[in-house]
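Below you'll find the structure, written out as structure tokens, and then a few comments.
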Amino acid sequence: MEILFITHKYPPSIGGMEKQSYELINGVAKECTVHTLIYDNRSSKVIFLFSIRFKVKMILRENPNISLIHLNDGLMAFFALHLKNMTGIPVLVTLHGLDIVYPSKLFQRFVVSKFKKLDGVIAVSQATARECIKRGFDRDRVYVVRNGVDTDMSLINKQPGFRKTLEKKLGIPLHEKKILVSIGRSVKRKGFSWFVTKVLPHLDQSVIYLIIGPPHPHIRKINFVLRLLPKYLAHLIILILGLGIEEIDIQKALQRPDIRNRAFFLGKLPFEEMLQILKHSDLYVMPNVKVMGDTEGFGLVALEAAVNGLPVLASAIEGITCAVIDGRNGFLVAPETDSVWIEKIRALLSDCGHLHEFGEQSKEYTIANYAWKKMVEGYMAVFKKYHCQKDHPRE
């Protein structure tokens with residue numbers, strides 16, 4: 001079997017989709033012959049997108065045995081819808097969440113509706129699959145393959161003395177402190193500001209909360225411009241660009257007397273430092289909230305926390321429930337229910353010995369069930385269904 005992968009998300013760019021794309025392509029390459037068309041970040045992405053047709057023709061001319069084309073997200077699908085008719089080769093797409101639920105009527109009518117013409121859709125979670133089926137996709141051509149996680153992180157040891165380093169960074173003593181941590185962009189669905197204002201003030205003073213994620217240097221200027229636009233249009237722009245508008249609310253909340261020196265926005269950190277924070281924390285929290293037209297497609301960061309032996313507490317919402325299995329590699333609670341979150345965190349932190357034991361168990365469960373190899377096996381099972389279904393080109 002020879003497969004052509006087309007993606008605009010790939011290292012050296014950093015992110016969950018980039019990592020998933022890398023692991024998928026390299027994992028499949030161990031099983032069959034792989035060809036790639038990858039955006040290299042050196043030229044214009046617009047040029048790359050509009051040159052797909054020409055470049056695919058060249059690749060197929062040089063490699064006539066390619067029998068399957070895979071597109072790594074909805075953006076690729078939109079710019080490659082013509083490939084099925086042009087090549088007669090089965091075309092599959094992976095959908096991650098926002099690329100199916102984006103709340104623009106034009107997007108839903110003229111983009112998502114066209115995805116149905118592709119040969120198959122691979123959803124990263126049951127939640128994403130349900131959104132596809134809700135929009136009339138053929139159930140028999142929608143497959144769920146969960147993302148994986150880098151299990152090698154579990155082999156990295158805790159750095160002696162790192163807690164002292166963290167003390168200097170935060171400017172507070174950490175003796176007998178219990179550390180909660182969240183990672184991600186400050187988009188509204190992550191629920192960071194909700195957690196800071198509604199949950200943290202009601203926890204013991206020994207509990208501190210760390211937020212790790214890339215800041216936006218011009219977010220206040222951007223927010224000023226967005227406020228001049230109609231709310232619905234501003235909302236669409238925020239979603240499509242993934243703007244971390246919540247950073248403004250978070251920074252404002254950090255100045256409150258009852259939160260100051262208890263919550264910290266650390267910004268983007270080197271991978272090694274982020275890893276050590278996970279290994280030295282007591283609980284990973286993923287307090288996602290419902291946002292119209294947005295969705296958490298999977299929840300990779302929860303798996304990264306679990307692989308490092310850190311217990312996870314997450315909202316039972318959307319694709320998170322495909323990553324966090326209640327009682328196995330984390331705990332699920334209802335989203336935006338202050339009292340439930342407060343009570344659950346108090347209970348978990350009341351017995352740190354048991355919490356640590358659960359963290360070790362969740363690490364083993366996650367390694368056994370979410371290794372990249374498992375994801376690749378899932379994709380290969382789908383790919384084999386479409387192998388040898390090549391038709392004559394229609395153009």
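In the structure tokens, each chain is lettered A, B, ... as it comes, each chain's residues begin at 1, and ligands are numbered from 1 in order of appearance.
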Next on the checklist: I'd like the neighbourhood of Arg163 in chain A as a list in words, where a residue qualifies if any of its atoms comes within 12 Å (using only C-alpha atoms), though same-chain residues fewer than 5 positions away should be ignored.
Outcome noted: Lys158, Lys168, Lys169, Leu170, Gly171, Ile172, Pro173, Leu174, His175, Glu176, Lys177, Lys178, Ile179, Glu273, Gln276, Ile277, Leu278, Lys279, His280 and Ser281 of chain A
Residues as selected, C-alpha atoms, written as an mmCIF file, in the first residue's frame, can you do that?
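The resulting out-v4.cif:
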```
data_model
loop_
_atom_site.group_PDB
_atom_site.id
_atom_site.type_symbol
_atom_site.label_atom_id
_atom_site.label_comp_id
_atom_site.auth_asym_id
_atom_site.auth_seq_id
_atom_site.Cartn_x
_atom_site.Cartn_y
_atom_site.Cartn_z
ATOM 1 C CA LYS A 158 12.054 14.383 38.358
ATOM 2 C CA LYS A 168 12.327 31.553 42.676
ATOM 3 C CA LYS A 169 10.253 31.788 39.515
ATOM 4 C CA LEU A 170 7.000 32.318 41.419
ATOM 5 C CA GLY A 171 8.482 34.434 44.194
ATOM 6 C CA ILE A 172 6.740 32.509 46.977
ATOM 7 C CA PRO A 173 7.763 29.624 49.278
ATOM 8 C CA LEU A 174 6.341 26.262 48.206
ATOM 9 C CA HIS A 175 6.750 24.441 51.510
ATOM 10 C CA GLU A 176 3.565 22.430 52.119
ATOM 11 C CA LYS A 177 1.925 24.004 49.072
ATOM 12 C CA LYS A 178 -0.280 21.872 46.828
ATOM 13 C CA ILE A 179 0.115 22.686 43.151
ATOM 14 C CA GLU A 273 10.491 23.008 32.291
ATOM 15 C CA GLN A 276 9.124 19.151 35.420
ATOM 16 C CA ILE A 277 6.187 21.256 36.587
ATOM 17 C CA LEU A 278 3.856 18.379 35.685
ATOM 18 C CA LYS A 279 6.054 15.959 37.618
ATOM 19 C CA HIS A 280 6.170 18.239 40.683
ATOM 20 C CA SER A 281 2.460 19.146 40.785
#
```
Please identify every residue of range 263-332 of chain A that has at least one atom no farther than 8 Å from an atom of range 182-186 of chain A, counting only C-alpha atoms, and for each give the shortest atom pair and the distance in Å to one decimal, arranged by chain then increasing number, as JSON lines.
```
{"residue": "A:Tyr284", "atom": "CA", "partner": "A:Ser182", "partner_atom": "CA", "distance": 6.0}
{"residue": "A:Val285", "atom": "CA", "partner": "A:Ser182", "partner_atom": "CA", "distance": 5.6}
{"residue": "A:Met286", "atom": "CA", "partner": "A:Ser182", "partner_atom": "CA", "distance": 6.3}
{"residue": "A:Val301", "atom": "CA", "partner": "A:Ile183", "partner_atom": "CA", "distance": 6.9}
```
Write the residues you've just listed into a file as a PDB file, in the first residue's frame, and include N, CA and C atoms for each of them.
```pdb
ATOM      1  N   TYR A 284      -3.652  17.862  37.926  1.00  0.00           N
ATOM      2  CA  TYR A 284      -3.856  18.583  36.682  1.00  0.00           C
ATOM      3  C   TYR A 284      -5.339  18.861  36.540  1.00  0.00           C
ATOM      4  N   VAL A 285      -5.700  20.116  36.287  1.00  0.00           N
ATOM      5  CA  VAL A 285      -7.119  20.452  36.143  1.00  0.00           C
ATOM      6  C   VAL A 285      -7.399  20.922  34.714  1.00  0.00           C
ATOM      7  N   MET A 286      -8.510  20.444  34.171  1.00  0.00           N
ATOM      8  CA  MET A 286      -8.948  20.769  32.816  1.00  0.00           C
ATOM      9  C   MET A 286     -10.400  21.227  32.901  1.00  0.00           C
ATOM     10  N   VAL A 301      -3.504  17.193  26.303  1.00  0.00           N
ATOM     11  CA  VAL A 301      -2.736  17.616  27.477  1.00  0.00           C
ATOM     12  C   VAL A 301      -3.081  16.783  28.707  1.00  0.00           C
TER      13      VAL A 301
END
```
Next on the checklist: Considering only C-alpha atoms, can you say which of A:Tyr209, A:Phe192, A:Phe298, A:Tyr39 comes closest to Gly97 in chain A?
Outcome noted: A:Phe298
Item to check | All alpha helix (DSSP H) positions in range 217-303 of chain A, as an MDAnalysis selection string | outcome: chainID A and resid 219:226 231:241 246:253 271:280 300:303
Item to check | Residue neighbourhood Asp119 in chain A, 8 Å, only C-alpha atoms, exclusion window fewer than 6 positions, as a count of residues only | outcome: 4
